[in-house]
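**Q** So here's work-v8.pdb (PDB, C-alpha atoms, pLDDT in the B column).
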```pdb
ATOM      1  CA  MET A   1       0.000   0.000   0.000  1.00 56.00           C
ATOM      2  CA  SER A   2       1.439   3.359  -0.998  1.00 64.00           C
ATOM      3  CA  SER A   3       2.053   6.191   1.441  1.00 62.00           C
ATOM      4  CA  SER A   4      -0.726   8.262  -0.092  1.00 70.00           C
ATOM      5  CA  ASN A   5      -3.258   5.445   0.417  1.00 78.00           C
ATOM      6  CA  VAL A   6      -2.087   4.982   4.001  1.00 70.00           C
ATOM      7  CA  LEU A   7      -2.450   8.697   4.558  1.00 71.00           C
ATOM      8  CA  GLU A   8      -5.963   8.733   3.123  1.00 83.00           C
ATOM      9  CA  GLU A   9      -7.205   5.733   5.099  1.00 86.00           C
ATOM     10  CA  LYS A  10      -5.395   6.336   8.355  1.00 89.00           C
ATOM     11  CA  PHE A  11      -5.952  10.060   8.641  1.00 92.00           C
ATOM     12  CA  ALA A  12      -9.390  10.502   7.021  1.00 92.00           C
ATOM     13  CA  GLN A  13     -10.979  11.058  10.431  1.00 91.00           C
ATOM     14  CA  PHE A  14      -8.751  14.079  11.035  1.00 93.00           C
ATOM     15  CA  ARG A  15      -9.995  16.192   8.156  1.00 91.00           C
ATOM     16  CA  VAL A  16     -11.522  19.638   8.297  1.00 90.00           C
ATOM     17  CA  ASP A  17     -14.982  19.844   6.753  1.00 90.00           C
ATOM     18  CA  ALA A  18     -18.169  21.861   7.203  1.00 89.00           C
ATOM     19  CA  SER A  19     -19.159  19.998  10.388  1.00 90.00           C
ATOM     20  CA  GLY A  20     -15.892  20.168  12.308  1.00 92.00           C
ATOM     21  CA  CYS A  21     -12.131  19.985  12.564  1.00 95.00           C
ATOM     22  CA  GLY A  22     -10.831  16.502  13.333  1.00 95.00           C
ATOM     23  CA  ILE A  23      -7.347  17.900  14.003  1.00 96.00           C
ATOM     24  CA  CYS A  24      -8.452  20.232  16.800  1.00 95.00           C
ATOM     25  CA  GLY A  25     -11.604  18.388  17.889  1.00 94.00           C
ATOM     26  CA  THR A  26     -13.796  21.406  17.189  1.00 92.00           C
ATOM     27  CA  ASN A  27     -17.408  21.348  15.964  1.00 92.00           C
ATOM     28  CA  PHE A  28     -18.569  24.127  13.691  1.00 89.00           C
ATOM     29  CA  LYS A  29     -21.725  26.137  13.493  1.00 82.00           C
ATOM     30  CA  VAL A  30     -23.415  25.007  10.306  1.00 70.00           C
ATOM     31  CA  SER A  31     -25.984  27.231   8.655  1.00 58.00           C
ATOM     32  CA  THR A  32     -29.037  25.542   7.143  1.00 51.00           C
ATOM     33  CA  ASP A  33     -27.779  25.997   3.582  1.00 49.00           C
ATOM     34  CA  GLU A  34     -24.411  24.409   4.495  1.00 45.00           C
ATOM     35  CA  ARG A  35     -25.867  21.282   6.099  1.00 44.00           C
ATOM     36  CA  LEU A  36     -24.590  18.109   4.533  1.00 46.00           C
ATOM     37  CA  PRO A  37     -26.401  14.775   4.650  1.00 45.00           C
ATOM     38  CA  MET A  38     -24.913  12.706   7.460  1.00 43.00           C
ATOM     39  CA  SER A  39     -25.125   9.049   8.318  1.00 41.00           C
ATOM     40  CA  HIS A  40     -27.047   8.017  11.436  1.00 42.00           C
ATOM     41  CA  ASP A  41     -23.835   7.135  13.314  1.00 46.00           C
ATOM     42  CA  HIS A  42     -22.315  10.515  12.522  1.00 45.00           C
ATOM     43  CA  GLU A  43     -25.486  12.253  13.805  1.00 45.00           C
ATOM     44  CA  GLU A  44     -25.258  10.408  17.120  1.00 47.00           C
ATOM     45  CA  ASN A  45     -21.576  11.320  17.480  1.00 48.00           C
ATOM     46  CA  GLU A  46     -22.389  14.921  16.617  1.00 48.00           C
ATOM     47  CA  GLU A  47     -25.151  15.014  19.245  1.00 49.00           C
ATOM     48  CA  ASP A  48     -22.816  13.508  21.848  1.00 50.00           C
ATOM     49  CA  ARG A  49     -20.135  16.097  21.048  1.00 47.00           C
ATOM     50  CA  GLN A  50     -22.632  18.961  21.231  1.00 48.00           C
ATOM     51  CA  GLU A  51     -24.004  17.733  24.549  1.00 49.00           C
ATOM     52  CA  GLY A  52     -20.453  17.478  25.888  1.00 47.00           C
ATOM     53  CA  ASN A  53     -19.701  21.011  24.721  1.00 46.00           C
ATOM     54  CA  GLN A  54     -22.915  22.270  26.362  1.00 45.00           C
ATOM     55  CA  GLU A  55     -22.049  20.675  29.676  1.00 45.00           C
ATOM     56  CA  MET A  56     -18.538  22.095  29.628  1.00 44.00           C
ATOM     57  CA  GLU A  57     -19.495  25.561  28.495  1.00 47.00           C
ATOM     58  CA  GLY A  58     -23.088  25.856  29.733  1.00 49.00           C
ATOM     59  CA  THR A  59     -24.262  27.222  26.363  1.00 45.00           C
ATOM     60  CA  SER A  60     -26.749  26.207  23.724  1.00 48.00           C
ATOM     61  CA  PRO A  61     -25.433  24.145  20.789  1.00 51.00           C
ATOM     62  CA  ASP A  62     -25.149  27.045  18.342  1.00 52.00           C
ATOM     63  CA  GLU A  63     -23.905  29.760  20.694  1.00 56.00           C
ATOM     64  CA  ASP A  64     -20.214  30.605  20.495  1.00 62.00           C
ATOM     65  CA  MET A  65     -19.510  27.966  17.831  1.00 76.00           C
ATOM     66  CA  GLU A  66     -17.248  29.147  15.061  1.00 86.00           C
ATOM     67  CA  THR A  67     -17.603  28.426  11.373  1.00 89.00           C
ATOM     68  CA  ALA A  68     -15.179  26.297   9.373  1.00 88.00           C
ATOM     69  CA  ASP A  69     -13.708  29.335   7.626  1.00 90.00           C
ATOM     70  CA  ALA A  70     -13.263  31.250  10.876  1.00 91.00           C
ATOM     71  CA  HIS A  71     -11.631  28.228  12.519  1.00 93.00           C
ATOM     72  CA  ARG A  72      -9.191  27.642   9.663  1.00 92.00           C
ATOM     73  CA  ASN A  73      -7.909  31.202  10.109  1.00 92.00           C
ATOM     74  CA  THR A  74      -7.163  30.940  13.841  1.00 94.00           C
ATOM     75  CA  HIS A  75      -3.643  30.741  15.215  1.00 96.00           C
ATOM     76  CA  ALA A  76      -4.682  27.768  17.378  1.00 95.00           C
ATOM     77  CA  HIS A  77      -5.785  25.763  14.328  1.00 96.00           C
ATOM     78  CA  PHE A  78      -2.670  26.691  12.353  1.00 96.00           C
ATOM     79  CA  LYS A  79      -0.480  25.542  15.258  1.00 97.00           C
ATOM     80  CA  LYS A  80      -2.428  22.309  15.729  1.00 97.00           C
ATOM     81  CA  ALA A  81      -2.404  21.625  11.966  1.00 96.00           C
ATOM     82  CA  THR A  82       1.391  22.063  11.905  1.00 97.00           C
ATOM     83  CA  GLU A  83       1.768  19.660  14.847  1.00 97.00           C
ATOM     84  CA  PHE A  84      -0.566  17.203  13.127  1.00 97.00           C
ATOM     85  CA  GLN A  85       1.494  17.345   9.921  1.00 96.00           C
ATOM     86  CA  GLN A  86       4.636  16.518  11.917  1.00 96.00           C
ATOM     87  CA  TYR A  87       2.826  13.583  13.544  1.00 97.00           C
ATOM     88  CA  GLN A  88       1.650  12.386  10.105  1.00 94.00           C
ATOM     89  CA  ASP A  89       5.227  12.525   8.849  1.00 95.00           C
ATOM     90  CA  LEU A  90       6.417  10.526  11.871  1.00 96.00           C
ATOM     91  CA  TYR A  91       3.732   7.931  11.245  1.00 95.00           C
ATOM     92  CA  LEU A  92       4.506   7.591   7.545  1.00 92.00           C
ATOM     93  CA  GLN A  93       8.299   7.619   7.918  1.00 95.00           C
ATOM     94  CA  ASN A  94       8.636   5.437  11.025  1.00 95.00           C
ATOM     95  CA  VAL A  95       5.472   3.714  12.254  1.00 95.00           C
ATOM     96  CA  HIS A  96       4.077   2.486   8.937  1.00 94.00           C
ATOM     97  CA  PRO A  97       7.426   1.081   7.678  1.00 94.00           C
ATOM     98  CA  CYS A  98       7.870  -0.876  10.926  1.00 94.00           C
ATOM     99  CA  LEU A  99       4.380  -2.353  10.692  1.00 93.00           C
ATOM    100  CA  THR A 100       4.972  -3.226   7.037  1.00 92.00           C
ATOM    101  CA  LYS A 101       8.329  -4.835   7.828  1.00 92.00           C
ATOM    102  CA  GLU A 102       6.749  -6.928  10.561  1.00 91.00           C
ATOM    103  CA  ASP A 103       4.053  -8.130   8.143  1.00 89.00           C
ATOM    104  CA  LYS A 104       6.727  -9.107   5.587  1.00 88.00           C
ATOM    105  CA  LEU A 105       8.700 -10.989   8.225  1.00 84.00           C
ATOM    106  CA  ARG A 106       5.571 -12.875   9.256  1.00 81.00           C
ATOM    107  CA  GLN A 107       4.971 -13.802   5.605  1.00 81.00           C
ATOM    108  CA  MET A 108       8.553 -15.034   5.292  1.00 77.00           C
ATOM    109  CA  LEU A 109       8.036 -17.195   8.377  1.00 72.00           C
ATOM    110  CA  GLU A 110       5.271 -19.038   6.539  1.00 73.00           C
ATOM    111  CA  ASP A 111       7.939 -20.323   4.098  1.00 69.00           C
ATOM    112  CA  PRO A 112       8.083 -24.124   4.639  1.00 70.00           C
ATOM    113  CA  SER A 113      11.870 -24.087   4.336  1.00 66.00           C
ATOM    114  CA  LEU A 114      12.078 -22.199   7.636  1.00 62.00           C
ATOM    115  CA  ALA A 115      10.386 -25.018   9.570  1.00 62.00           C
ATOM    116  CA  GLY A 116      13.584 -25.704  11.528  1.00 62.00           C
ATOM    117  CA  LYS A 117      13.963 -22.030  12.492  1.00 61.00           C
ATOM    118  CA  LYS A 118      10.285 -21.580  13.294  1.00 64.00           C
ATOM    119  CA  THR A 119      10.621 -22.333  17.013  1.00 66.00           C
ATOM    120  CA  GLN A 120      13.494 -19.889  17.454  1.00 66.00           C
ATOM    121  CA  VAL A 121      11.762 -17.196  15.415  1.00 69.00           C
ATOM    122  CA  GLU A 122       8.363 -17.661  17.111  1.00 75.00           C
ATOM    123  CA  PHE A 123       9.882 -16.418  20.364  1.00 74.00           C
ATOM    124  CA  ASP A 124      11.095 -13.316  18.542  1.00 76.00           C
ATOM    125  CA  PHE A 125       7.667 -12.816  17.001  1.00 81.00           C
ATOM    126  CA  GLU A 126       6.073 -13.026  20.444  1.00 85.00           C
ATOM    127  CA  ARG A 127       8.405 -10.235  21.545  1.00 85.00           C
ATOM    128  CA  LEU A 128       7.583  -8.286  18.365  1.00 88.00           C
ATOM    129  CA  GLU A 129       3.890  -8.645  19.089  1.00 90.00           C
ATOM    130  CA  GLY A 130       4.394  -6.984  22.478  1.00 92.00           C
ATOM    131  CA  PHE A 131       6.381  -4.126  20.929  1.00 94.00           C
ATOM    132  CA  HIS A 132       3.808  -3.824  18.134  1.00 94.00           C
ATOM    133  CA  PHE A 133       1.038  -3.516  20.741  1.00 96.00           C
ATOM    134  CA  ARG A 134       2.960  -0.801  22.585  1.00 96.00           C
ATOM    135  CA  VAL A 135       3.461   1.220  19.377  1.00 96.00           C
ATOM    136  CA  LYS A 136      -0.236   0.844  18.456  1.00 96.00           C
ATOM    137  CA  SER A 137      -1.218   1.851  21.983  1.00 97.00           C
ATOM    138  CA  GLU A 138       0.921   5.001  21.815  1.00 97.00           C
ATOM    139  CA  VAL A 139      -0.569   5.858  18.402  1.00 97.00           C
ATOM    140  CA  GLN A 140      -4.082   5.377  19.828  1.00 96.00           C
ATOM    141  CA  THR A 141      -3.280   7.621  22.807  1.00 97.00           C
ATOM    142  CA  ILE A 142      -2.017  10.421  20.568  1.00 97.00           C
ATOM    143  CA  GLU A 143      -4.894  10.179  18.122  1.00 96.00           C
ATOM    144  CA  SER A 144      -7.657   9.929  20.713  1.00 96.00           C
ATOM    145  CA  SER A 145      -6.308  12.887  22.703  1.00 97.00           C
ATOM    146  CA  LEU A 146      -5.473  14.929  19.568  1.00 97.00           C
ATOM    147  CA  ASP A 147      -2.213  15.800  21.344  1.00 97.00           C
ATOM    148  CA  TRP A 148       0.007  15.647  18.264  1.00 97.00           C
ATOM    149  CA  THR A 149       3.136  16.670  20.184  1.00 96.00           C
ATOM    150  CA  ASN A 150       2.886  13.834  22.715  1.00 95.00           C
ATOM    151  CA  ILE A 151       5.299  11.658  20.740  1.00 96.00           C
ATOM    152  CA  SER A 152       8.152  10.931  23.154  1.00 96.00           C
ATOM    153  CA  SER A 153       6.623   7.639  24.351  1.00 96.00           C
ATOM    154  CA  LEU A 154       5.859   6.684  20.751  1.00 97.00           C
ATOM    155  CA  ASN A 155       9.451   7.409  19.736  1.00 97.00           C
ATOM    156  CA  ASP A 156      10.712   5.263  22.628  1.00 97.00           C
ATOM    157  CA  ALA A 157       8.390   2.406  21.640  1.00 96.00           C
ATOM    158  CA  LEU A 158       9.460   2.734  18.006  1.00 97.00           C
ATOM    159  CA  LYS A 159      13.167   2.479  18.869  1.00 96.00           C
ATOM    160  CA  VAL A 160      12.622  -0.765  20.756  1.00 95.00           C
ATOM    161  CA  PHE A 161      10.352  -2.108  18.007  1.00 95.00           C
ATOM    162  CA  GLN A 162      12.910  -1.244  15.303  1.00 95.00           C
ATOM    163  CA  VAL A 163      15.728  -3.024  17.159  1.00 94.00           C
ATOM    164  CA  ALA A 164      13.558  -6.103  17.682  1.00 91.00           C
ATOM    165  CA  LEU A 165      12.572  -6.058  14.001  1.00 92.00           C
ATOM    166  CA  GLN A 166      16.236  -5.943  12.957  1.00 92.00           C
ATOM    167  CA  GLU A 167      17.096  -8.851  15.253  1.00 88.00           C
ATOM    168  CA  THR A 168      14.185 -10.930  14.000  1.00 84.00           C
ATOM    169  CA  GLU A 169      14.942 -10.053  10.389  1.00 85.00           C
ATOM    170  CA  ARG A 170      18.541 -11.196  10.884  1.00 86.00           C
ATOM    171  CA  ILE A 171      17.373 -14.558  12.280  1.00 77.00           C
ATOM    172  CA  VAL A 172      14.889 -15.057   9.443  1.00 74.00           C
ATOM    173  CA  GLU A 173      17.502 -14.109   6.839  1.00 76.00           C
ATOM    174  CA  GLN A 174      20.007 -16.513   8.390  1.00 74.00           C
ATOM    175  CA  GLY A 175      17.401 -19.236   8.026  1.00 63.00           C
ATOM    176  CA  ASN A 176      16.885 -18.314   4.386  1.00 59.00           C
ATOM    177  CA  LEU A 177      20.628 -17.988   3.770  1.00 46.00           C
ATOM    178  CA  GLY A 178      21.170 -21.466   5.190  1.00 49.00           C
ATOM    179  CA  ARG A 179      18.546 -22.772   2.800  1.00 47.00           C
ATOM    180  CA  TYR A 180      20.181 -21.033  -0.169  1.00 42.00           C
ATOM    181  CA  ASN A 181      23.661 -22.276   0.810  1.00 42.00           C
ATOM    182  CA  PHE A 182      22.276 -25.801   0.920  1.00 39.00           C
ATOM    183  CA  ILE A 183      20.714 -25.375  -2.532  1.00 37.00           C
ATOM    184  CA  VAL A 184      23.969 -24.000  -3.965  1.00 37.00           C
ATOM    185  CA  ILE A 185      25.961 -26.839  -2.438  1.00 38.00           C
ATOM    186  CA  PHE A 186      23.394 -29.359  -3.610  1.00 40.00           C
ATOM    187  CA  ILE A 187      23.362 -27.918  -7.122  1.00 38.00           C
ATOM    188  CA  GLY A 188      27.165 -27.775  -7.092  1.00 40.00           C
ATOM    189  CA  ILE A 189      27.294 -31.454  -6.261  1.00 37.00           C
ATOM    190  CA  GLN A 190      24.937 -32.306  -9.090  1.00 39.00           C
ATOM    191  CA  VAL A 191      26.742 -30.161 -11.651  1.00 39.00           C
ATOM    192  CA  VAL A 192      30.274 -31.316 -10.923  1.00 40.00           C
ATOM    193  CA  PRO A 193      31.307 -33.898 -13.583  1.00 42.00           C
ATOM    194  CA  ARG A 194      32.920 -37.144 -12.485  1.00 39.00           C
TER     195      ARG A 194
END
```
So, in terms of structure tokens, how does the structure I just supplied come out?
**A**
Amino acid sequence: MSSSNVLEEKFAQFRVDASGCGICGTNFKVSTDERLPMSHDHEENEEDRQEGNQEMEGTSPDEDMETADAHRNTHAHFKKATEFQQYQDLYLQNVHPCLTKEDKLRQMLEDPSLAGKKTQVEFDFERLEGFHFRVKSEVQTIESSLDWTNISSLNDALKVFQVALQETERIVEQGNLGRYNFIVIFIGIQVVPR
């Protein structure tokens, strides 16, 4: 999957549209001519958000809500959008490649020729699974809080995950290399004239 597809799928919920800003977590005042048809689930989420805003602010749903255009021009949104872009870059340059590499390693493990290495590598994959969970958990924390600068724990988790991936990749490659050396030796034996 290309980076642009990952970006579209992964970050679609953080767009800015007529109903709100997913980057800042802000709902917008929508005039009747701007209303867009929404799915039932989206309406329930919108009602929940508006009720939460009312409880926090003690105002009616439409009072003090800004429009999409007004929000886009605020310093707070610009700052949050810049932080979000940096988080997106971190995800695409570090998180996504690690997850992709892990998937490829798991596919390589399914190779029947690695049956002898499978026990040794399964332990490493169990460790990887724990590191994978920690990275996913840190991503979830950042995205649910919309705190795009809260990346130090994610960076720490990524470093450990990357080291574990390299170690596991080395073990898997050694298993494959052993298989290829055997094939070369075997072919060499067959080809040598008597």
**Q** Name the residues captured by the PyMOL selection byres ((chain A and resi 160) around 12) when it is applied to the shown file; answer as a JSON list (two decimals) with C-alpha atoms, in the coordinates of the input.
**A**
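Result written to out.json:
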```
[["chain", "number", "residue", "atom", "x", "y", "z"],
["A", 95, "VAL", "CA", 5.47, 3.71, 12.25],
["A", 98, "CYS", "CA", 7.87, -0.88, 10.93],
["A", 127, "ARG", "CA", 8.40, -10.24, 21.54],
["A", 128, "LEU", "CA", 7.58, -8.29, 18.36],
["A", 129, "GLU", "CA", 3.89, -8.64, 19.09],
["A", 130, "GLY", "CA", 4.39, -6.98, 22.48],
["A", 131, "PHE", "CA", 6.38, -4.13, 20.93],
["A", 132, "HIS", "CA", 3.81, -3.82, 18.13],
["A", 133, "PHE", "CA", 1.04, -3.52, 20.74],
["A", 134, "ARG", "CA", 2.96, -0.80, 22.58],
["A", 135, "VAL", "CA", 3.46, 1.22, 19.38],
["A", 153, "SER", "CA", 6.62, 7.64, 24.35],
["A", 154, "LEU", "CA", 5.86, 6.68, 20.75],
["A", 155, "ASN", "CA", 9.45, 7.41, 19.74],
["A", 156, "ASP", "CA", 10.71, 5.26, 22.63],
["A", 157, "ALA", "CA", 8.39, 2.41, 21.64],
["A", 158, "LEU", "CA", 9.46, 2.73, 18.01],
["A", 159, "LYS", "CA", 13.17, 2.48, 18.87],
["A", 161, "PHE", "CA", 10.35, -2.11, 18.01],
["A", 162, "GLN", "CA", 12.91, -1.24, 15.30],
["A", 163, "VAL", "CA", 15.73, -3.02, 17.16],
["A", 164, "ALA", "CA", 13.56, -6.10, 17.68],
["A", 165, "LEU", "CA", 12.57, -6.06, 14.00],
["A", 166, "GLN", "CA", 16.24, -5.94, 12.96],
["A", 167, "GLU", "CA", 17.10, -8.85, 15.25]]
```
**Q** How close does each residue of segment 124-159 of chain A get to segment 3-10 of chain A, giving the shortest atom pair and distance in Å to one decimal for every residue with an atom at most 12 Å away, counting all atoms listed in the file, sorted by chain and residue number, as a Markdown table?
**A**
```
| residue | atom | partner | partner_atom | distance |
| --- | --- | --- | --- | --- |
| A:Val139 | CA | A:Lys10 | CA | 11.2 |
| A:Gln140 | CA | A:Lys10 | CA | 11.6 |
| A:Glu143 | CA | A:Lys10 | CA | 10.5 |
```
**Q** Run the PyMOL selection byres ((chain A and resi 149) around 10) mentally over the shown coordinates, then write out the matched residues as a list of chain:residue names, using the chain letters and numbers from the document.
**A**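 So the PyMOL selection byres ((chain A and resi 149) around 10) ends up selecting A:Lys80, A:Glu83, A:Phe84, A:Gln86, A:Tyr87, A:Ile142, A:Leu146, A:Asp147, A:Trp148, A:Asn150, A:Ile151, A:Ser152.
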**Q** Using atom CA of Thr168 of chain A and atom CA of Leu90 of chain A as the two end points, give the distance in Å to one decimal.
**A**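 Taking atom CA of Thr168 of chain A as the start and atom CA of Leu90 of chain A as the end point, the length is 22.9 Å.
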**Q** Quote the spacing between atom CA of Met65 of chain A and atom CA of Thr141 of chain A in Å to one decimal place.
**A**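 Computing it gives 26.5 Å between the two atoms.
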**Q** At a cut-off of 10 Å, using all atoms listed in the file, what residues contact Asp69 of chain A? Leave out same-chain residues fewer than 2 positions from it and give the result as a short mmCIF file (atom, residue, chain, number, x, y, z; two decimals) with C-alpha atoms, in the frame of the given file.
**A**
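The file below, selection.cif, is the result:
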```cif
data_model
loop_
_atom_site.label_atom_id
_atom_site.label_comp_id
_atom_site.auth_asym_id
_atom_site.auth_seq_id
_atom_site.Cartn_x
_atom_site.Cartn_y
_atom_site.Cartn_z
CA VAL A 16 -11.52 19.64 8.30
CA ASP A 17 -14.98 19.84 6.75
CA ALA A 18 -18.17 21.86 7.20
CA PHE A 28 -18.57 24.13 13.69
CA GLU A 66 -17.25 29.15 15.06
CA THR A 67 -17.60 28.43 11.37
CA HIS A 71 -11.63 28.23 12.52
CA ARG A 72 -9.19 27.64 9.66
CA ASN A 73 -7.91 31.20 10.11
CA THR A 74 -7.16 30.94 13.84
#
```
**Q** Could you tell me how far atom CA of Leu92 of chain A lies from atom CA of Asn27 of chain A, in Å and to one decimal?
**A**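 These two atoms are separated by 27.2 Å.
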**Q** Taking all atoms of segment 12-20 of chain A that the file lists, what box with edges along x, y and z, padded by 6 Å per side, do you get, with centre and edge lengths in Å to one decimal, as lines of an AutoDock Vina configuration file?
**A**
```
center_x = -14.0
center_y = 16.2
center_z = 9.5
size_x = 22.4
size_y = 23.4
size_z = 17.6
```
**Q** Point out the residue among A:Lys101, A:Lys136, A:Gln174, A:Phe11 with the least atom-to-atom distance to Gln88 of chain A, counting all atoms listed in the file.
**A**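 For Gln88 of chain A, the nearest of the candidates is A:Phe11.
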**Q** So, with only C-alpha atoms as the atoms that count, which of A:Glu138, A:Asn94, A:Ser144, A:Leu99 lies closest to Cys24 of chain A?
**A**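 So, comparing all the options, the nearest one is A:Ser144.
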**Q** Calculated over all atoms listed in the file, which of the candidates A:Glu173, A:Phe123, A:Ser19, A:Gln13 has the smallest distance to Met108 of chain A?
**A**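 Of the candidates, the smallest distance to Met108 of chain A is held by A:Glu173.
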**Q** Give the answer as one residue: which of A:Tyr91, A:His77, A:Phe125, A:Ser137 has the shortest atom-to-atom distance to Gly22 of chain A, using only C-alpha atoms?
**A**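 Of the candidates, the smallest distance to Gly22 of chain A is held by A:His77.
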